[in-house]
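Engineer: Got a structure here, written out as structure tokens. Questions coming.
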Amino acid sequence: MKPLSLLIEILIILGVTIKTIKAEEHNKRQKERNVTTQVSVNEIKQYLSHILEQRTSSNVINKRENLLEKKKNQRKIRIKGIQNKDILKRSKNHLQKQAEKNFTDEGDQLFKMGIKVLQQSKSQKQKEEAYLLFAKAADMGNLKAMEKMADALLFGNFGVQNITAAIQLYESLAKEGSCKAQNALGFLSSYGIGMEYDQAKALIYYTFGSAGGNMMSQMILGYRYLSGINVLQNCEVALSYYKKVADYIADTFEKSEGVPVEKKALHYFLKAAKAGSANAMAFIGKMYLEGNAAMPQNNATAFKYFSMAASKGNAIGLHGLGLLYFYGKGVPVNYVEALKYFQKAAEKGWPDAQFQLGFMYYSGSGIWKDYKLAFKYFYLASQSGQPLAIYYLAKMYATGTGVVRSCRTAVELYKGVCELGHWAEKFLTAYFAYKDGDIDSSLVQYALLAEMGYEVAQSNSAFILESKKANILEKEKMYPMALLLWNRAAIQGNVFARVKIGDYYYYGYGTKKDYQTAATHYSIAANKYHNAQAMFNLAYMYEHGLGITKDIHLARRLYDMAAQMSPDAHIPVLFAIMKLETTHLLRDILFFNQFTTRWNWLKLDNTIGPHWDLFVIGLIVPGLILLLRNHHG
């Protein structure tokens, strides 16, 4: 048995509880929960001993209190009853408050230690140590630690996935007002994972989660109101939700201290700078400007390296000098100089400098406000994906500043900013989980991102579901859920998803067969996105009159277009056109009048089957191969 499984079994058997101490219920409130983390047997014993010790010490305190109460009743000393009661009451309250404070403080300390270990972890073992600390803190009633453990159980972090245990823990946390737990329960209800599939209930959970400040819930509600998913489509409501999250993301970017750089990396940058690399000089300047573990913040040194890079015409160096003058770091604030350097860097295409120029014109920092120029530079920077430029463009569209107000455009831009949040890291963990064969863990992570409106996650979740390799949903629910996700991805412009929807309706996967609807989706993919597969499928439907009026000429044209759009379609198109031409040649030769044509056509359908044309092409292809062989011989 694995140590992880052993831990879970021991915790269940011993009934390890999550204790939330309150004034008069210190030892009475218990909550069942699973703790998922891989630790050694000795660590488990120490952990359990620690819990038992806590219980024992609590019992000792209770016994002492009872003994004091007994002795008080036995004594015949004439002391005023009111004074005696006050003393005992104060003593009892003091003991309870002290015990509660010590217990809470220890839980907080363990949680903070766990976070520190997790942030600095570079190996699996260190991460496991962090989760052991979270488990101990959770047992002491630390809500944040409980949330960490519930997430670990749901996503299968560092151990076996246990969705049932995760739900139990989330439900207890939700009662305590945890907005993170509300969001998780909403997500599980929306897919029917471990819970009843209930979109109305999911919406309630998300609303409570959002009201508590959970940004995932706010993003999910923003996406739902944008797309009209189980709510009336309302752009303005979507805008309000997305703006809250985007404001937070933009604030983190503005306060960003950059990526931590190790001393080893600095060594190589210094070496490259010594060899004359302008980029290396600029990056060293950036490191000294921001300050990190490898070096202390030093404006003078930053100025030196930025100047060296700028003298070589380096855009990053020019931008760096602009920042120093703009914020007055190591030099007096000088907007004229800042503007000059930003313009030079912007002309070289550096997006951060383009953003800074836009911001100067937007805010009127040292120059006259000019919203048209602000929009111009924000737009240029946004084309390179500069997040703050996208954020300010969204702001301008949302308020109609310098542009015609457009709620839809503002929402789309805010959505792009929101999708840069730290939760996007789940893409990486979901990918590695899938690669390692942990399909259920991968699906849960992709599904959560899909619920938040990530188009790629919607496609990935649908792909996993249609493979039927996951075990967290019933098999009969997988195709319908995959169809729903393909549809959401298609609405966001994913052409592959659009073709998939056509396939689902054509073959009747997760829905009834509907050739007409299939043809509609293939038409969208073919006409709007020029997708070769959609053109081929649509051509076949026109050839056979499936869901649409039979049109041989249009079928031939679509086959040709498919071959032009994709080299991979050449061979399938060749065979399709050969079949098409052969069947019509047979028709021209064998069926010389309308009556005979119909009679013989029906006879072939009854004798060989409705797909007799495929049988004919199957005979023709070997014949062609034989002819080619003889020709080369």
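Just remember, in the structure tokens the first chain shown is A, the second B, etc., residues are 1-based per chain, and ligands are 1-based in the order shown.
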Quick one: residues within 6 Å of segment 551-557 of chain A, only C-alpha atoms, excluding same-chain residues fewer than 2 positions away - as number ranges by chain?

Structural biologist: A: 539, 542-543, 559-560

Engineer: Let me see the file: selected residues, N, CA, C and O atoms, as a tab-separated table (two decimals), in the first residue's frame.

Structural biologist:
chain	number	residue	atom	x	y	z
A	539	ALA	N	-19.28	18.66	-49.61
A	539	ALA	CA	-19.33	18.15	-50.99
A	539	ALA	C	-19.97	16.77	-51.03
A	539	ALA	O	-20.80	16.47	-51.89
A	542	TYR	N	-23.67	17.12	-50.61
A	542	TYR	CA	-24.30	17.61	-51.85
A	542	TYR	C	-24.35	16.50	-52.90
A	542	TYR	O	-25.31	16.38	-53.65
A	543	GLU	N	-23.31	15.69	-52.91
A	543	GLU	CA	-23.25	14.59	-53.89
A	543	GLU	C	-24.38	13.59	-53.66
A	543	GLU	O	-24.98	13.08	-54.62
A	559	TYR	N	-15.25	19.81	-53.78
A	559	TYR	CA	-14.12	18.86	-53.72
A	559	TYR	C	-12.84	19.55	-54.22
A	559	TYR	O	-11.78	19.44	-53.60
A	560	ASP	N	-12.97	20.26	-55.33
A	560	ASP	CA	-11.81	20.97	-55.89
A	560	ASP	C	-11.28	22.04	-54.93
A	560	ASP	O	-10.08	22.20	-54.76

Engineer: Could you list, as a list in words, every residue within 10 Å of Leu239 of chain A, counting only C-alpha atoms and ignoring same-chain residues fewer than 2 positions away?

Structural biologist: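 So, after excluding close chain neighbours, the residues are Gly222, Tyr223, Tyr225, Leu226, Asn234, Cys235, Glu236, Val237, Tyr241, Tyr242, Lys243, Lys244, Ala394, Ala398, Cys407, Arg408, Thr409, Ala410, Val411, Glu412, Tyr414 and Lys415 of chain A.
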
Engineer: Find the residues around Asn298 of chain A up to 10 Å (only C-alpha atoms counted), leave out those fewer than 5 positions away in its own chain, and share them as a VMD selection string.

Structural biologist: chain A and resid 285 287 to 291 303 329 to 330

Engineer: Could you give me, as a PyMOL selection string, the residues within 12 Å of Lys513 of chain A, counting only C-alpha atoms and dropping anything in the same chain fewer than 2 positions from it?

Structural biologist: chain A and resi 501-511+515-519+546-547

Engineer: Now that the selection is made, can you save its residues with N, CA, C and O atoms as a short mmCIF file (atom, residue, chain, number, x, y, z; two decimals), in the first residue's frame?

Structural biologist:
data_model
loop_
_atom_site.label_atom_id
_atom_site.label_comp_id
_atom_site.auth_asym_id
_atom_site.auth_seq_id
_atom_site.Cartn_x
_atom_site.Cartn_y
_atom_site.Cartn_z
N ILE A 501 -18.85 19.66 -34.44
CA ILE A 501 -20.29 19.73 -34.21
C ILE A 501 -21.04 19.12 -35.40
O ILE A 501 -22.00 18.36 -35.23
N GLY A 502 -20.57 19.45 -36.60
CA GLY A 502 -21.16 18.86 -37.80
C GLY A 502 -21.07 17.34 -37.76
O GLY A 502 -22.05 16.64 -38.07
N ASP A 503 -19.91 16.83 -37.33
CA ASP A 503 -19.73 15.37 -37.23
C ASP A 503 -20.70 14.76 -36.22
O ASP A 503 -21.26 13.68 -36.46
N TYR A 504 -20.89 15.42 -35.08
CA TYR A 504 -21.76 14.90 -34.04
C TYR A 504 -23.20 14.77 -34.54
O TYR A 504 -23.89 13.79 -34.26
N TYR A 505 -23.66 15.79 -35.30
CA TYR A 505 -25.02 15.73 -35.83
C TYR A 505 -25.12 14.76 -37.01
O TYR A 505 -26.15 14.12 -37.21
N TYR A 506 -24.04 14.61 -37.77
CA TYR A 506 -24.05 13.69 -38.91
C TYR A 506 -24.15 12.24 -38.44
O TYR A 506 -24.92 11.44 -38.98
N TYR A 507 -23.36 11.90 -37.40
CA TYR A 507 -23.33 10.51 -36.93
C TYR A 507 -24.28 10.26 -35.76
O TYR A 507 -24.50 9.11 -35.37
N GLY A 508 -24.80 11.33 -35.15
CA GLY A 508 -25.70 11.16 -34.01
C GLY A 508 -24.97 10.90 -32.72
O GLY A 508 -25.42 10.10 -31.89
N TYR A 509 -23.83 11.55 -32.51
CA TYR A 509 -23.08 11.40 -31.26
C TYR A 509 -23.63 12.38 -30.22
O TYR A 509 -23.56 13.59 -30.40
N GLY A 510 -24.18 11.86 -29.14
CA GLY A 510 -24.68 12.71 -28.06
C GLY A 510 -25.92 13.49 -28.42
O GLY A 510 -26.37 14.34 -27.67
N THR A 511 -26.49 13.21 -29.58
CA THR A 511 -27.69 13.89 -30.04
C THR A 511 -28.31 13.04 -31.15
O THR A 511 -27.72 12.05 -31.60
N TYR A 515 -28.96 15.57 -40.46
CA TYR A 515 -28.11 15.94 -41.61
C TYR A 515 -28.19 17.43 -41.93
O TYR A 515 -27.20 18.04 -42.32
N GLN A 516 -29.36 17.99 -41.75
CA GLN A 516 -29.54 19.41 -42.08
C GLN A 516 -28.69 20.30 -41.16
O GLN A 516 -28.02 21.21 -41.63
N THR A 517 -28.72 19.99 -39.86
CA THR A 517 -27.91 20.76 -38.90
C THR A 517 -26.43 20.52 -39.16
O THR A 517 -25.62 21.45 -39.06
N ALA A 518 -26.06 19.27 -39.48
CA ALA A 518 -24.67 18.96 -39.80
C ALA A 518 -24.20 19.79 -40.98
O ALA A 518 -23.11 20.39 -40.95
N ALA A 519 -25.02 19.85 -42.02
CA ALA A 519 -24.67 20.63 -43.22
C ALA A 519 -24.52 22.12 -42.90
O ALA A 519 -23.65 22.80 -43.45
N LEU A 546 -27.77 14.62 -48.83
CA LEU A 546 -28.02 14.34 -47.41
C LEU A 546 -28.27 15.65 -46.66
O LEU A 546 -27.37 16.43 -46.42
N GLY A 547 -29.54 15.88 -46.31
CA GLY A 547 -29.90 17.08 -45.55
C GLY A 547 -29.99 18.33 -46.39
O GLY A 547 -30.43 19.37 -45.91
#

Engineer: Leaving out Gly313 of chain A and any residue of its chain fewer than 5 positions from it, which residues lie within 10 Å of it when counting only C-alpha atoms, given as a PyMOL selection string?

Structural biologist: chain A and resi 278+307-308+318+344-345+348

Engineer: Put those residues in a file: N, CA and C atoms, as a PDB file, in the first residue's frame.

Structural biologist:
ATOM      1  N   ALA A 278      24.122  44.049 -26.487  1.00  0.00           N
ATOM      2  CA  ALA A 278      23.278  45.159 -26.030  1.00  0.00           C
ATOM      3  C   ALA A 278      22.062  44.651 -25.257  1.00  0.00           C
ATOM      4  N   SER A 307      22.139  52.880 -20.158  1.00  0.00           N
ATOM      5  CA  SER A 307      22.852  53.848 -21.018  1.00  0.00           C
ATOM      6  C   SER A 307      23.759  53.127 -22.006  1.00  0.00           C
ATOM      7  N   MET A 308      24.456  52.080 -21.523  1.00  0.00           N
ATOM      8  CA  MET A 308      25.344  51.298 -22.389  1.00  0.00           C
ATOM      9  C   MET A 308      24.538  50.647 -23.533  1.00  0.00           C
ATOM     10  N   LEU A 318      16.733  51.897 -24.252  1.00  0.00           N
ATOM     11  CA  LEU A 318      16.092  53.204 -24.415  1.00  0.00           C
ATOM     12  C   LEU A 318      14.832  53.291 -23.547  1.00  0.00           C
ATOM     13  N   LYS A 344      11.793  56.870 -29.056  1.00  0.00           N
ATOM     14  CA  LYS A 344      12.855  56.162 -29.780  1.00  0.00           C
ATOM     15  C   LYS A 344      12.670  54.648 -29.695  1.00  0.00           C
ATOM     16  N   ALA A 345      12.326  54.169 -28.478  1.00  0.00           N
ATOM     17  CA  ALA A 345      12.121  52.721 -28.290  1.00  0.00           C
ATOM     18  C   ALA A 345      10.871  52.251 -29.019  1.00  0.00           C
ATOM     19  N   LYS A 348      11.262  51.590 -32.634  1.00  0.00           N
ATOM     20  CA  LYS A 348      11.942  50.316 -32.901  1.00  0.00           C
ATOM     21  C   LYS A 348      11.019  49.119 -32.644  1.00  0.00           C
TER      22      LYS A 348
END

Engineer: According to DSSP computed on the backbone, where in segment 257-494 of chain A is there alpha helix (DSSP H)? Give the residues as a PyMOL selection string.

Structural biologist: chain A and resi 263-274+278-290+299-310+315-327+335-347+351-363+371-382+387-399+407-418+426-435+439-451+455-467+475-491

Engineer: Write out as a PyMOL selection string the residues lying within 10 Å of Ala532 of chain A, counting only C-alpha atoms and excluding same-chain residues fewer than 2 positions away.

Structural biologist: chain A and resi 525-526+529-530+534-538+558-569

Engineer: Just give me the gap between atom CA of Asn471 of chain A and atom CA of Ile193 of chain A in Å, one decimal is fine.

Structural biologist: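 These atoms are spaced 10.0 Å apart.
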
Engineer: Nearest residue to Met481 of chain A out of A:Asn279, A:Thr104, A:Ser190, A:Gln124, using only C-alpha atoms?

Structural biologist: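 Closest candidate: A:Ser190.
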
Engineer: Residues within 12 Å of Ile491 of chain A, please, as JSON, numbers by chain. Count only C-alpha atoms; anything in the same chain fewer than 2 positions from it doesn't count.

Structural biologist: {"A": [226, 227, 228, 229, 453, 454, 455, 458, 459, 484, 485, 486, 487, 488, 489, 493, 494, 495, 496, 497, 498, 499, 501, 521, 524, 525]}

Engineer: Quick check, in Å to one decimal: how far apart do atom CA of Met146 of chain A and atom CA of Gly107 of chain A lie?

Structural biologist: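 Between atom CA of Met146 of chain A and atom CA of Gly107 of chain A the gap works out to 10.7 Å.
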
Engineer: Could you check which of A:Lys550, A:Lys116, A:Ser382, A:Val573 is closest to Gln533 of chain A, using only C-alpha atoms?

Structural biologist: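 Of all the options, A:Val573 lies closest to Gln533 of chain A.
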